[in-house]
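S.K.: Following this message is one structure expressed as structure tokens.
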Amino acid sequence: MPTFDALYSLQSLARQRRQGRDGNFKSRGSAPEFDKLVDAMKSETDQKKRNELIARALLLHNQNVMHIPLHNQVIPWAMRKNVTVPHRADNRLEARWVRVD
């Protein structure tokens with residue numbers, strides 16, 4: 001079940017690649033302190049402590065420039081003035097949310 005916080009992004013984009021599912025990208029860099037924070041996030045259930053771990057990991061990520069995004073996909077939608085629909089973050093159209101005035 002998704003946590004809707006930064007864990008999955010940090011785990012896949014910046015964590016050192018090891019055995020198992022962590023670290024999707026090969027990197028020559030190493031950040032043991034960052035990896036420990038990601039590991040701790042996986043099992044921390046206290047929301048305040050979890051948010052503190054995430055904040056520390058994000059700070060390390062930014063200070064060390066652990067990844068540089070090279071592509072930012074923007075998907076603009078066009079429609080008539082009398083048609084409205086929310087643009088979901090995953091770029092999927094929900095027909096049930098379409099409103100025609």
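Chain labels A, B, ... are given in the sequence in which chains occur in the structure tokens; within each chain residues are numbered consecutively from 1, and ligands are likewise numbered from 1 in the order shown.
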Write out as a PDB file with C-alpha atoms, in the first residue's frame which residues come within 10 Å of Asp39 (chain A) when counting only C-alpha atoms, dropping same-chain ones fewer than 3 positions away.

M.R.:
```pdb
ATOM      1  CA  LEU A   7       9.883   7.152   0.794  1.00  0.00           C
ATOM      2  CA  GLN A  11      14.250   4.726  -2.183  1.00  0.00           C
ATOM      3  CA  ARG A  15      19.355   4.989  -2.525  1.00  0.00           C
ATOM      4  CA  ASP A  22      16.032  -0.765  -3.452  1.00  0.00           C
ATOM      5  CA  GLU A  33      23.820   7.903   6.178  1.00  0.00           C
ATOM      6  CA  PHE A  34      21.134   8.455   3.526  1.00  0.00           C
ATOM      7  CA  ASP A  35      20.664   4.696   3.070  1.00  0.00           C
ATOM      8  CA  LYS A  36      20.206   4.281   6.832  1.00  0.00           C
ATOM      9  CA  LYS A  42      10.444   1.703   5.903  1.00  0.00           C
ATOM     10  CA  SER A  43       9.495   0.561   9.377  1.00  0.00           C
ATOM     11  CA  GLU A  44       8.768   3.788  11.278  1.00  0.00           C
ATOM     12  CA  LEU A  53      13.517  10.965   8.897  1.00  0.00           C
TER      13      LEU A  53
END
```

S.K.: Could you pull out the alpha helix (DSSP H) residues of region 12-73 of chain A from DSSP and send them as number ranges by chain?

M.R.: A: 12-13, 32-43, 47-64

S.K.: Using N, CA, C and O atoms, can you write the selected residues to a file as a short mmCIF file (atom, residue, chain, number, x, y, z; two decimals), in the first residue's frame?

M.R.:
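File selection35.cif, as written:
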```cif
data_model
loop_
_atom_site.label_atom_id
_atom_site.label_comp_id
_atom_site.auth_asym_id
_atom_site.auth_seq_id
_atom_site.Cartn_x
_atom_site.Cartn_y
_atom_site.Cartn_z
N SER A 12 13.89 4.77 -4.59
CA SER A 12 14.20 4.35 -5.95
C SER A 12 15.17 5.28 -6.68
O SER A 12 15.96 4.83 -7.49
N LEU A 13 15.13 6.59 -6.39
CA LEU A 13 15.95 7.52 -7.14
C LEU A 13 17.35 7.72 -6.57
O LEU A 13 18.28 7.99 -7.32
N PRO A 32 26.04 6.30 2.88
CA PRO A 32 25.57 5.37 3.90
C PRO A 32 24.56 5.99 4.87
O PRO A 32 23.60 5.32 5.27
N GLU A 33 24.75 7.26 5.25
CA GLU A 33 23.82 7.90 6.18
C GLU A 33 22.44 8.02 5.54
O GLU A 33 21.41 7.76 6.18
N PHE A 34 22.39 8.36 4.25
CA PHE A 34 21.13 8.46 3.53
C PHE A 34 20.45 7.09 3.47
O PHE A 34 19.25 6.97 3.71
N ASP A 35 21.22 6.05 3.14
CA ASP A 35 20.66 4.70 3.07
C ASP A 35 20.07 4.26 4.41
O ASP A 35 19.01 3.63 4.45
N LYS A 36 20.72 4.62 5.50
CA LYS A 36 20.21 4.28 6.83
C LYS A 36 18.88 4.99 7.10
O LYS A 36 17.97 4.41 7.69
N LEU A 37 18.77 6.23 6.66
CA LEU A 37 17.51 6.97 6.84
C LEU A 37 16.38 6.32 6.04
O LEU A 37 15.27 6.17 6.55
N VAL A 38 16.67 5.91 4.82
CA VAL A 38 15.65 5.25 4.00
C VAL A 38 15.23 3.94 4.65
O VAL A 38 14.04 3.62 4.73
N ASP A 39 16.19 3.17 5.14
CA ASP A 39 15.86 1.92 5.83
C ASP A 39 14.98 2.18 7.05
O ASP A 39 14.03 1.44 7.32
N ALA A 40 15.30 3.22 7.80
CA ALA A 40 14.51 3.55 8.99
C ALA A 40 13.09 3.96 8.63
O ALA A 40 12.13 3.63 9.34
N MET A 41 12.93 4.69 7.52
CA MET A 41 11.60 5.12 7.08
C MET A 41 10.68 3.94 6.81
O MET A 41 9.48 4.02 7.02
N LYS A 42 11.24 2.86 6.31
CA LYS A 42 10.44 1.70 5.90
C LYS A 42 9.65 1.09 7.05
O LYS A 42 8.60 0.50 6.82
N SER A 43 10.16 1.22 8.26
CA SER A 43 9.49 0.56 9.38
C SER A 43 8.97 1.52 10.44
O SER A 43 8.34 1.08 11.40
N GLN A 47 4.21 8.98 13.00
CA GLN A 47 4.19 9.98 11.93
C GLN A 47 5.21 11.09 12.14
O GLN A 47 5.89 11.52 11.21
N LYS A 48 5.34 11.56 13.36
CA LYS A 48 6.29 12.65 13.63
C LYS A 48 7.73 12.19 13.38
O LYS A 48 8.50 12.89 12.71
N LYS A 49 8.09 11.00 13.88
CA LYS A 49 9.44 10.48 13.67
C LYS A 49 9.69 10.21 12.19
O LYS A 49 10.78 10.49 11.67
N ARG A 50 8.67 9.67 11.52
CA ARG A 50 8.80 9.37 10.09
C ARG A 50 9.06 10.66 9.30
O ARG A 50 9.92 10.71 8.43
N ASN A 51 8.30 11.70 9.60
CA ASN A 51 8.49 12.98 8.91
C ASN A 51 9.87 13.57 9.18
O ASN A 51 10.46 14.20 8.30
N GLU A 52 10.39 13.37 10.38
CA GLU A 52 11.74 13.83 10.69
C GLU A 52 12.78 13.08 9.86
O GLU A 52 13.74 13.67 9.35
N LEU A 53 12.61 11.77 9.72
CA LEU A 53 13.52 10.96 8.90
C LEU A 53 13.47 11.43 7.44
O LEU A 53 14.51 11.58 6.79
N ILE A 54 12.27 11.68 6.95
CA ILE A 54 12.10 12.13 5.57
C ILE A 54 12.76 13.49 5.37
O ILE A 54 13.47 13.71 4.39
N ALA A 55 12.55 14.39 6.31
CA ALA A 55 13.14 15.74 6.21
C ALA A 55 14.66 15.65 6.19
O ALA A 55 15.32 16.34 5.39
N ARG A 56 15.24 14.81 7.05
CA ARG A 56 16.71 14.66 7.07
C ARG A 56 17.21 14.06 5.77
O ARG A 56 18.24 14.49 5.22
N ALA A 57 16.49 13.06 5.25
CA ALA A 57 16.90 12.43 3.99
C ALA A 57 16.79 13.41 2.83
O ALA A 57 17.69 13.46 1.97
N LEU A 58 15.73 14.19 2.79
CA LEU A 58 15.58 15.18 1.72
C LEU A 58 16.68 16.24 1.79
O LEU A 58 17.20 16.68 0.76
N LEU A 59 17.04 16.64 2.99
CA LEU A 59 18.12 17.61 3.16
C LEU A 59 19.44 17.03 2.63
O LEU A 59 20.16 17.70 1.88
N LEU A 60 19.75 15.79 3.01
CA LEU A 60 20.97 15.14 2.50
C LEU A 60 20.92 15.02 0.98
O LEU A 60 21.92 15.25 0.30
N HIS A 61 19.78 14.62 0.47
CA HIS A 61 19.60 14.47 -0.98
C HIS A 61 19.91 15.78 -1.69
O HIS A 61 20.63 15.80 -2.69
N ASN A 62 19.37 16.87 -1.18
CA ASN A 62 19.58 18.17 -1.82
C ASN A 62 21.01 18.67 -1.66
O ASN A 62 21.59 19.23 -2.59
N GLN A 63 21.59 18.48 -0.48
CA GLN A 63 22.96 18.94 -0.24
C GLN A 63 23.97 18.20 -1.12
O GLN A 63 24.95 18.78 -1.55
N ASN A 64 23.70 16.92 -1.35
CA ASN A 64 24.63 16.09 -2.12
C ASN A 64 24.26 15.96 -3.60
O ASN A 64 24.94 15.25 -4.34
#
```

S.K.: As an exercise, work out the distance from CA of Ala78 (chain A) to CA of Leu93 (chain A) in Å and give it to one decimal place.

M.R.: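 A separation of 12.3 Å between them.
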
S.K.: Any idea what the distance is between CA of Lys81 (chain A) and CA of Arg96 (chain A)?

M.R.: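 Pair CA of Lys81 (chain A) / CA of Arg96 (chain A) returns 18.1 Å.
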